[in-house]
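One file, entry08.cif, is given below (mmCIF, C-alpha atoms).
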data_input
loop_
_atom_site.label_atom_id
_atom_site.label_comp_id
_atom_site.auth_asym_id
_atom_site.auth_seq_id
_atom_site.Cartn_x
_atom_site.Cartn_y
_atom_site.Cartn_z
CA MET P 4 177.23 179.81 179.49
CA ALA P 5 176.98 180.47 175.74
CA SER P 6 176.30 176.79 174.90
CA SER P 7 173.44 176.67 177.37
CA ALA P 8 171.89 179.75 175.74
CA VAL P 9 172.13 178.13 172.31
CA ARG P 10 170.45 175.01 173.58
CA LYS P 11 167.73 177.13 175.09
CA PHE P 12 166.89 178.99 171.84
CA LEU P 13 167.54 176.07 169.36
CA PRO P 14 163.91 174.78 169.22
CA LEU P 15 162.66 178.28 168.59
CA LEU P 16 165.17 178.78 165.78
CA LEU P 17 164.16 175.45 164.22
CA LEU P 18 160.47 176.39 164.40
CA VAL P 19 161.08 179.75 162.77
CA GLY P 20 163.17 178.12 160.04
CA SER P 21 160.49 175.55 159.32
CA ILE P 22 157.85 178.26 159.07
CA ALA P 23 160.03 180.22 156.68
CA ILE P 24 160.68 177.19 154.48
CA ALA P 25 156.96 176.32 154.41
CA ALA P 26 156.10 179.89 153.47
CA VAL P 27 158.60 179.79 150.59
CA LEU P 28 157.18 176.44 149.34
CA ILE P 29 153.60 177.69 149.53
CA ALA P 30 154.50 180.87 147.71
CA ASN P 31 156.22 178.91 144.91
CA ARG P 32 153.69 176.04 144.52
CA PRO P 33 152.42 175.28 140.94
CA GLN P 34 148.94 176.45 140.05
CA THR P 35 146.25 173.66 140.33
CA VAL P 36 144.44 172.79 137.06
CA ILE P 37 140.96 171.28 137.47
CA ALA P 38 140.18 168.78 134.63
CA PRO P 39 137.28 166.33 134.27
CA PRO P 40 138.13 162.66 134.75
CA PRO P 41 138.82 160.73 131.54
CA GLU P 42 135.65 159.17 130.11
CA ARG P 43 135.87 155.42 129.46
CA ALA P 44 133.52 154.17 126.70
CA ALA P 45 131.82 150.81 127.26
CA LEU P 46 132.81 147.95 124.96
CA VAL P 47 129.74 146.46 123.25
CA ASP P 48 128.70 144.06 120.49
CA VAL P 49 126.33 145.41 117.86
CA ALA P 50 124.02 144.05 115.16
CA GLU P 51 123.68 145.94 111.90
CA VAL P 52 120.04 146.00 110.83
CA VAL P 53 119.15 144.30 107.55
CA LEU P 54 115.48 144.29 106.56
CA GLN P 55 114.49 140.94 105.08
CA ASP P 56 111.47 138.95 104.02
CA LEU P 57 110.83 135.97 106.28
CA ARG P 58 108.47 133.09 106.76
CA ILE P 59 107.78 132.88 110.47
CA GLU P 60 107.38 129.31 111.67
CA VAL P 61 104.49 128.32 113.89
CA GLN P 62 105.08 125.56 116.40
CA ALA P 63 102.49 122.89 117.18
CA GLN P 64 102.33 119.30 118.30
CA GLY P 65 100.12 116.30 117.76
CA THR P 66 99.80 112.55 117.46
CA VAL P 67 100.30 110.56 114.26
CA GLN P 68 97.07 108.96 113.06
CA PRO P 69 96.24 106.85 110.00
CA HIS P 70 94.10 108.65 107.45
CA ARG P 71 92.07 105.46 106.95
CA GLU P 72 91.39 102.64 109.42
CA THR P 73 89.08 99.68 108.80
CA THR P 74 87.67 96.88 110.93
CA LEU P 75 87.25 93.76 108.80
CA VAL P 76 83.96 91.93 109.41
CA PRO P 77 82.39 89.03 107.47
CA GLU P 78 79.17 89.43 105.50
CA VAL P 79 78.43 85.70 105.68
CA SER P 80 78.60 83.12 108.44
CA GLY P 81 80.75 80.03 108.63
CA LYS P 82 83.92 78.50 110.00
CA ILE P 83 87.31 80.02 109.19
CA ILE P 84 89.33 77.46 107.22
CA TYR P 85 92.31 79.62 106.19
CA VAL P 86 94.29 82.45 107.79
CA ALA P 87 97.10 84.23 105.91
CA PRO P 88 100.52 83.76 107.54
CA ASN P 89 101.15 87.51 107.70
CA LEU P 90 97.80 88.31 109.33
CA GLU P 91 99.48 89.30 112.55
CA ALA P 92 99.62 92.65 114.32
CA GLY P 93 102.30 94.87 112.79
CA ASN P 94 102.61 93.00 109.48
CA TYR P 95 102.16 94.59 106.07
CA VAL P 96 99.42 93.33 103.74
CA ALA P 97 98.95 94.43 100.14
CA ALA P 98 95.67 95.52 98.58
CA ASP P 99 93.37 92.58 97.60
CA GLU P 100 95.60 90.10 99.41
CA VAL P 101 93.61 87.14 100.79
CA LEU P 102 93.59 87.31 104.58
CA LEU P 103 90.96 84.74 105.60
CA ARG P 104 88.69 82.16 104.00
CA ILE P 105 85.37 80.95 105.35
CA ASP P 106 84.10 77.44 104.61
CA ASP P 107 82.22 77.87 101.33
CA ARG P 108 80.64 74.41 100.78
CA ASP P 109 77.14 75.60 101.71
CA TYR P 110 77.53 78.60 99.44
CA GLN P 111 78.70 76.38 96.58
CA ALA P 112 75.50 74.38 97.00
CA HIS P 113 73.44 77.58 97.01
CA MET P 114 75.21 78.57 93.84
CA LEU P 115 74.30 75.31 92.10
CA ARG P 116 70.67 75.56 93.18
CA ALA P 117 70.53 79.13 91.91
CA LYS P 118 71.98 78.09 88.54
CA ALA P 119 69.42 75.30 88.30
CA ALA P 120 66.63 77.73 89.11
CA VAL P 121 67.83 80.06 86.36
CA ALA P 122 67.95 77.21 83.86
CA SER P 123 64.42 76.14 84.84
CA ALA P 124 63.12 79.71 84.53
CA GLN P 125 64.73 80.07 81.11
CA SER P 126 63.06 76.85 79.99
CA ASN P 127 59.66 77.99 81.23
CA LEU P 128 60.08 81.32 79.45
CA ALA P 129 61.00 79.57 76.19
CA GLN P 130 57.90 77.34 76.46
CA GLU P 131 55.61 80.28 77.12
CA ARG P 132 57.03 82.22 74.20
CA GLY P 133 56.43 79.19 71.99
CA ARG P 134 52.84 78.85 73.21
CA ALA P 135 52.31 82.57 72.65
CA GLU P 136 53.53 82.27 69.05
CA VAL P 137 51.16 79.37 68.36
CA ALA P 138 48.26 81.26 69.96
CA PHE P 139 49.05 84.32 67.82
CA LYS P 140 48.88 82.25 64.63
CA GLU P 141 45.51 80.77 65.69
CA TRP P 142 44.21 84.22 66.60
CA LYS P 143 45.00 85.43 63.08
CA LYS P 144 42.68 82.75 61.65
CA LEU P 145 39.69 83.94 63.68
CA SER P 146 36.96 86.09 62.10
CA ASN P 147 37.48 89.83 62.40
CA ASN P 148 33.85 90.27 63.48
CA THR P 149 34.43 88.36 66.67
CA GLN P 150 34.05 90.75 69.59
CA ARG P 151 36.47 90.14 72.48
CA SER P 152 37.78 92.30 75.30
CA GLN P 153 41.42 93.37 75.43
CA GLN P 154 41.99 91.27 78.56
CA ALA P 155 40.57 88.20 76.85
CA THR P 156 42.74 88.83 73.81
CA ASP P 157 45.91 89.17 75.96
CA LEU P 158 45.03 86.00 77.83
CA TYR P 159 44.39 84.16 74.55
CA LEU P 160 47.79 85.32 73.25
CA ARG P 161 49.38 84.20 76.58
CA LYS P 162 50.89 87.61 77.35
CA PRO P 163 50.34 87.37 81.16
CA GLN P 164 51.88 83.89 81.19
CA THR P 165 54.90 85.13 79.26
CA GLU P 166 55.37 88.12 81.60
CA GLN P 167 55.17 85.79 84.61
CA ALA P 168 57.83 83.53 83.09
CA GLU P 169 60.07 86.56 82.47
CA ALA P 170 59.60 87.72 86.08
CA GLU P 171 60.48 84.27 87.40
CA LEU P 172 63.63 84.31 85.28
CA LEU P 173 64.64 87.71 86.68
CA SER P 174 64.05 86.44 90.23
CA ALA P 175 66.14 83.35 89.55
CA GLN P 176 68.95 85.46 88.08
CA ALA P 177 68.87 87.74 91.15
CA ASP P 178 69.13 84.67 93.41
CA LEU P 179 72.07 83.47 91.33
CA GLN P 180 73.80 86.84 91.65
CA ARG P 181 73.26 86.83 95.41
CA ALA P 182 74.59 83.28 95.67
CA ALA P 183 77.68 84.32 93.68
CA ASP P 184 78.18 87.35 95.92
CA ASP P 185 77.84 85.23 99.08
CA LEU P 186 80.37 82.79 97.66
CA ASP P 187 82.77 85.63 96.91
CA ARG P 188 82.28 87.04 100.41
CA THR P 189 83.67 83.87 101.96
CA VAL P 190 87.10 85.27 100.99
CA ILE P 191 88.23 88.23 103.14
CA ARG P 192 90.73 90.47 101.34
CA ALA P 193 92.76 93.51 102.36
CA PRO P 194 90.88 96.62 101.19
CA TYR P 195 94.13 98.58 100.52
CA ASP P 196 97.85 98.55 101.26
CA SER P 197 97.84 98.46 105.02
CA LEU P 198 99.36 97.34 108.29
CA VAL P 199 97.54 94.96 110.59
CA LYS P 200 96.66 96.73 113.80
CA GLU P 201 94.76 93.96 115.61
CA LYS P 202 93.77 90.35 114.97
CA HIS P 203 90.50 89.16 116.50
CA ALA P 204 89.78 85.79 114.85
CA ASP P 205 91.75 82.67 114.06
CA LEU P 206 91.61 79.31 112.32
CA GLY P 207 88.60 77.12 113.13
CA GLN P 208 86.53 79.90 114.67
CA TYR P 209 82.90 80.16 113.64
CA VAL P 210 81.97 83.71 112.70
CA SER P 211 78.72 85.40 111.78
CA PRO P 212 78.01 88.66 109.94
CA GLY P 213 79.31 91.62 111.95
CA THR P 214 81.95 89.66 113.90
CA SER P 215 85.23 91.58 114.10
CA LEU P 216 88.02 89.68 112.34
CA ALA P 217 90.90 92.17 112.27
CA ALA P 218 91.69 95.88 112.17
CA VAL P 219 93.97 97.39 109.52
CA PHE P 220 95.09 100.92 108.68
CA SER P 221 96.51 102.47 105.53
CA VAL P 222 100.19 103.23 105.08
CA ASP P 223 100.20 105.41 101.95
CA TYR P 224 100.18 108.50 104.15
CA ALA P 225 99.46 109.46 107.75
CA GLU P 226 97.86 112.51 109.33
CA ILE P 227 98.66 114.70 112.33
CA ARG P 228 96.07 117.02 113.89
CA LEU P 229 97.77 120.27 114.91
CA ALA P 230 96.05 122.84 117.12
CA ILE P 231 96.65 126.44 116.01
CA PRO P 232 95.54 129.30 118.32
CA GLN P 233 93.69 132.22 116.80
CA SER P 234 96.62 134.55 117.55
CA LYS P 235 98.88 132.57 115.18
CA LEU P 236 96.55 132.07 112.25
CA ASN P 237 97.69 135.30 110.56
CA TYR P 238 101.19 133.85 110.18
CA LEU P 239 100.00 130.88 108.08
CA GLU P 240 98.70 130.31 104.58
CA LEU P 241 95.93 127.91 105.46
CA PRO P 242 94.65 125.46 102.82
CA GLY P 243 91.29 126.22 101.28
CA VAL P 244 88.24 124.02 100.99
CA THR P 245 88.66 123.25 97.29
CA GLY P 246 90.98 120.27 97.80
CA TYR P 247 94.56 119.32 98.54
CA ASP P 248 97.27 120.74 96.27
CA PRO P 249 100.71 119.29 97.19
CA ALA P 250 102.52 121.93 95.13
CA SER P 251 101.19 124.88 97.11
CA ALA P 252 100.60 123.29 100.51
CA PRO P 253 102.73 124.81 103.32
CA LEU P 254 105.73 122.76 104.43
CA VAL P 255 105.73 121.15 107.85
CA ASP P 256 108.81 119.80 109.63
CA LEU P 257 107.85 116.99 111.99
CA TYR P 258 110.40 115.90 114.56
CA THR P 259 110.81 113.85 117.71
CA ASP P 260 113.50 113.91 120.37
CA VAL P 261 114.02 110.52 121.98
CA ALA P 262 116.95 110.21 124.38
CA GLY P 263 118.69 113.12 122.65
CA GLU P 264 118.28 111.65 119.16
CA VAL P 265 116.26 113.97 116.93
CA SER P 266 114.49 112.55 113.88
CA HIS P 267 112.76 114.62 111.19
CA TRP P 268 110.03 113.89 108.64
CA PRO P 269 108.84 116.22 105.86
CA ALA P 270 105.11 116.84 105.65
CA ARG P 271 102.56 119.16 104.08
CA LEU P 272 99.63 121.03 105.55
CA GLN P 273 96.72 119.28 103.87
CA ARG P 274 93.59 120.93 105.23
CA THR P 275 91.88 122.52 108.21
CA GLU P 276 88.89 121.11 110.02
CA GLY P 277 86.98 124.28 109.19
CA VAL P 278 85.57 125.13 112.64
CA PHE P 279 87.05 126.41 115.89
CA ASP P 280 87.03 124.20 118.92
CA GLU P 281 84.41 125.69 121.22
CA ARG P 282 86.32 124.99 124.41
CA SER P 283 89.91 125.85 123.56
CA ARG P 284 89.23 128.31 120.69
CA VAL P 285 91.85 126.71 118.46
CA LEU P 286 91.62 125.66 114.85
CA PHE P 287 92.79 122.15 114.08
CA THR P 288 94.86 121.76 110.94
CA VAL P 289 95.84 118.41 109.47
CA ALA P 290 99.34 117.70 108.17
CA ARG P 291 100.01 114.82 105.77
CA VAL P 292 103.24 112.80 105.72
CA ASP P 293 103.68 110.44 102.79
CA ASP P 294 104.89 106.86 103.23
CA PRO P 295 105.25 107.09 107.04
CA TYR P 296 106.60 103.53 107.35
CA ALA P 297 109.20 104.01 104.60
CA LEU P 298 107.80 101.11 102.56
CA GLY P 299 108.38 102.88 99.25
CA VAL P 300 111.41 104.80 98.04
CA GLY P 301 111.72 106.87 101.21
CA ASP P 302 114.98 106.57 103.14
CA HIS P 303 113.68 108.11 106.36
CA LYS P 304 112.99 106.32 109.60
CA PRO P 305 109.50 104.88 110.10
CA LEU P 306 107.04 107.30 111.65
CA ARG P 307 104.79 104.95 113.55
CA VAL P 308 101.12 105.59 114.13
CA GLY P 309 100.56 106.83 117.67
CA SER P 310 103.87 108.71 117.86
CA PHE P 311 103.81 112.12 119.52
CA VAL P 312 105.58 114.65 117.31
CA LYS P 313 106.32 118.34 117.31
CA ALA P 314 105.84 120.41 114.19
CA ASN P 315 107.31 123.58 112.70
CA ILE P 316 104.80 124.91 110.19
CA GLN P 317 106.08 127.19 107.42
CA GLY P 318 104.41 130.59 107.61
CA LYS P 319 103.49 133.00 104.87
CA LEU P 320 106.10 135.42 103.52
CA MET P 321 106.21 138.66 105.56
CA GLN P 322 108.23 141.64 104.35
CA ASN P 323 110.73 144.05 105.97
CA LEU P 324 111.32 142.25 109.24
CA VAL P 325 114.34 142.47 111.54
CA VAL P 326 115.33 139.44 113.62
CA LEU P 327 117.01 140.16 116.94
CA PRO P 328 117.75 138.20 120.11
CA ARG P 329 114.89 138.46 122.50
CA TYR P 330 116.99 139.62 125.45
CA VAL P 331 117.80 142.99 123.80
CA LEU P 332 114.16 144.08 124.07
CA ARG P 333 113.59 146.18 127.17
CA ALA P 334 110.44 147.25 128.97
CA GLY P 335 108.09 149.29 126.82
CA ASN P 336 109.28 147.64 123.57
CA SER P 337 112.49 149.67 123.57
CA LEU P 338 116.06 148.81 122.71
CA TRP P 339 119.43 150.58 122.58
CA VAL P 340 120.57 151.93 119.21
CA ILE P 341 124.05 153.40 118.60
CA ASP P 342 124.13 156.65 116.61
CA LYS P 343 126.90 158.09 114.44
CA GLU P 344 128.55 159.74 117.49
CA MET P 345 128.89 156.28 119.09
CA THR P 346 126.41 157.06 121.83
CA LEU P 347 123.43 155.07 123.06
CA ARG P 348 119.96 156.17 121.99
CA ASN P 349 116.69 154.74 123.19
CA ARG P 350 114.55 153.48 120.29
CA LYS P 351 110.93 152.37 120.59
CA VAL P 352 109.96 149.59 118.15
CA GLN P 353 106.94 147.50 117.23
CA THR P 354 107.37 143.75 117.35
CA LEU P 355 105.47 141.13 115.44
CA ARG P 356 106.06 138.29 117.86
CA THR P 357 108.29 137.71 120.90
CA GLU P 358 108.05 133.94 121.35
CA GLY P 359 111.13 131.76 121.47
CA PRO P 360 114.72 133.06 121.44
CA ASP P 361 114.11 135.73 118.77
CA ILE P 362 111.93 138.76 118.28
CA TYR P 363 110.63 140.01 114.94
CA VAL P 364 110.66 143.81 114.64
CA ARG P 365 108.38 145.23 111.97
CA GLU P 366 108.63 149.00 112.66
CA GLY P 367 111.17 151.32 114.26
CA LEU P 368 114.40 150.18 112.58
CA GLN P 369 115.97 150.89 109.19
CA ASN P 370 118.74 149.32 107.15
CA GLY P 371 122.12 150.15 108.63
CA ASP P 372 120.96 150.93 112.19
CA LEU P 373 123.26 149.54 114.87
CA VAL P 374 121.49 147.73 117.71
CA CYS P 375 123.40 147.16 120.94
CA LEU P 376 123.55 143.45 121.82
CA THR P 377 125.44 143.78 125.09
CA THR P 378 123.51 144.26 128.32
CA ILE P 379 124.97 147.32 130.12
CA SER P 380 124.04 147.96 133.71
CA ALA P 381 122.92 151.53 134.49
CA ALA P 382 122.98 152.50 130.82
CA LEU P 383 121.77 156.01 130.01
CA PRO P 384 120.95 157.79 126.74
CA GLY P 385 124.02 159.58 125.40
CA MET P 386 126.46 157.12 126.99
CA LYS P 387 129.62 156.62 124.91
CA VAL P 388 130.37 153.11 123.64
CA ARG P 389 132.99 151.32 121.60
CA ILE P 390 132.25 148.50 119.17
CA ASN P 391 133.88 145.20 120.00
CA ASN P 392 132.21 143.02 117.39
CA ARG P 393 129.78 143.72 114.58
CA ARG P 394 127.38 141.25 113.04
CA SER P 395 124.33 141.32 110.78
CA THR P 396 120.69 140.66 111.63
CA LEU P 397 120.43 138.48 108.52
CA LEU P 398 119.66 135.28 110.40
CA ARG P 399 118.74 131.82 109.07
CA GLN P 400 119.94 132.81 105.63
CA ASP P 401 119.54 129.33 104.14
CA SER P 402 115.90 128.97 105.11
CA VAL P 403 115.15 132.53 104.03
CA MET P 404 116.65 131.90 100.58
CA GLU P 405 114.67 128.69 100.20
CA ALA P 406 111.41 130.37 101.17
CA ALA P 407 111.77 133.70 99.40
CA GLY P 408 114.01 132.71 96.49
CA THR P 409 116.75 135.26 97.26
CA PRO P 410 120.28 134.74 95.86
CA ASP P 411 123.05 133.17 97.87
CA SER P 412 124.92 135.39 100.25
CA ASP P 413 128.67 135.86 100.50
CA PRO P 414 130.20 132.90 102.37
CA SER P 415 132.50 135.19 104.34
CA GLN P 416 129.52 137.26 105.43
CA THR P 417 127.73 134.10 106.54
CA ASN P 418 130.75 133.12 108.62
CA ASP P 419 130.88 136.59 110.15
CA ASP P 420 127.20 136.35 110.99
CA LYS P 421 127.72 132.98 112.61
CA ALA P 422 130.60 134.29 114.69
CA GLY P 423 128.57 137.29 115.73
CA ALA P 424 125.69 135.04 116.72
CA ASP P 425 128.02 132.92 118.87
CA GLN P 426 129.39 135.99 120.62
CA THR P 427 125.88 137.31 121.12
CA SER P 428 124.85 134.04 122.73
CA ALA P 429 127.87 134.27 125.04
CA ALA P 430 126.97 137.83 125.99
CA ALA P 431 123.40 136.78 126.66
CA SER P 432 124.56 133.94 128.90
CA SER P 433 126.83 136.20 130.94
CA SER P 434 124.06 138.74 131.51
CA GLY P 435 121.13 136.35 131.68
CA SER P 436 120.11 137.33 135.21
CA LYS P 437 120.08 141.02 134.36
CA ALA P 438 118.09 140.47 131.18
CA ALA P 439 115.57 138.41 133.08
#
As structure tokens:
Amino acid sequence: MASSAVRKFLPLLLLVGSIAIAAVLIANRPQTVIAPPPERAALVDVAEVVLQDLRIEVQAQGTVQPHRETTLVPEVSGKIIYVAPNLEAGNYVAADEVLLRIDDRDYQAHMLRAKAAVASAQSNLAQERGRAEVAFKEWKKLSNNTQRSQQATDLYLRKPQTEQAEAELLSAQADLQRAADDLDRTVIRAPYDSLVKEKHADLGQYVSPGTSLAAVFSVDYAEIRLAIPQSKLNYLELPGVTGYDPASAPLVDLYTDVAGEVSHWPARLQRTEGVFDERSRVLFTVARVDDPYALGVGDHKPLRVGSFVKANIQGKLMQNLVVLPRYVLRAGNSLWVIDKEMTLRNRKVQTLRTEGPDIYVREGLQNGDLVCLTTISAALPGMKVRINNRRSTLLRQDSVMEAAGTPDSDPSQTNDDKAGADQTSAAASSSGSKAA
């Protein structure tokens, strides 16, 4: 009877006990402390700003052309009796080298006849001068009262006859000179050190004045016409119209990329063509490369006429520029700068040019500013960051020193800059889609 009563009230006792235990636990629970979640700073790479003086290169392209090209034509007619062995397309010929000879037998005969005519005219002149001297002596014996006209006196003294003999001698000498020139023109010589471009005549062919014999072009230097848009002219020191000065002419690096093999040739900006192209509104400049076929002391590869080349033209020295990777520039010409509290700040800058992989900032940054190089999604001003790697904006140090004459930098710093640039390139590759 008692056991059945216990079983009847056991669930109720358990429920009451559980409620009592829960009440005790609730009454003795620790007080809840509300704390903000821990802030995690983003890990970024930064570039420390260094203002520097730079020469900004201007890119162009063009085709190699000879500065002088000549079509050889004869000035006399006749049959070709000699052709130089090296008068073939692509061969080198030196200045005044004999290239062709025309049969000169007729011109030798003309030469002899002209010499004979000169000798005959000289003899006639000598006879007339002798007759004039005799007439003058006879005229002296005449009475002074004899009245004669001036024309009669000149005729008596044989002055007109003597002048005619002198004129005939001059005509004969002119014919002799022309015969000598025609004889000399039967030999065709190279006008300058050149390469044969085309050969149009050969042995045994009869040619007349104006017939094309061959085409040659000079090899002392070649020219490349480079089109420069108006927007890029302010970056260059263009040559003036007073003449070519190799010492002050801007440097030009010509290069080609054939099957992955890049070849370079040094050149100088020689001149501009002086007028804008009316259709494209570009100014053509002309670069000169010396000894393009490496025939002199040059050890470079031949730069053949007709080659298509690209050119990097040295610009004028511009001061207080900052070079940064292009991907760090955001919409509205803004970029992220890290302040002393290690937080992001939005900084608006003015850029000089944004072509290629780099941008050139001319205003908005000072020495020592830290520019964020890492692309952070959903970045906001005031966001905390941590620096993973630090590098300098002093890029292309070797070319800058050569252009501006600055002293060498610390080798360790150069290595650090190179490492920073590699890491920046890796960061740019990983976030390329976001930057785009």
Using the chain letters and numbers from the file, give me the residues hit by the PyMOL selection byres ((chain P and resi 351) around 12), as a list in words.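 Against this file, the PyMOL selection byres ((chain P and resi 351) around 12) returns the residues Leu332, Arg333, Ala334, Gly335, Asn336, Ser337, Leu338, Trp339, Val340, Arg348, Asn349, Arg350, Val352, Gln353, Thr354, Val364, Arg365, Glu366, Gly367, Leu368 and Val374 of chain P.
Closest approach to P:Ser197 from the set P:Ala63, P:Ala270, P:Val96, P:Leu57 is made by P:Val96, with distances taken over only C-alpha atoms.
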As an exercise, work out the distance from atom CA of P:Val312 to atom CA of P:Asp256 in Å and give it to one decimal place.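 About the pair atom CA of P:Val312 and atom CA of P:Asp256: they are 9.8 Å apart.
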Ground truth for the PyMOL selection byres ((chain P and resi 319) around 8), written as an MDAnalysis selection string: chainID P and resid 58:59 238:240 317:318 320:321
Going by the chain IDs and residue numbers used in this file, which residues fall under the PyMOL selection byres ((chain P and resi 164) around 12)? Write them as a ChimeraX atom specification. /P:127-135,157-163,165-171
Which polymer residues have any atom within 6 Å of an atom of P:Val285, counting all atoms listed in the file, with same-chain residues fewer than 5 positions away left out, as a PyMOL selection string? chain P and resi 230-232+279-280
So which residues touch P:His303 within 9 Å, counting only C-alpha atoms, skipping near sequence neighbours fewer than 6 positions away, as a list in words?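 Listing them by chain and then by number gives Ser266, His267, Trp268, Pro295, Tyr296 and Ala297 of chain P.
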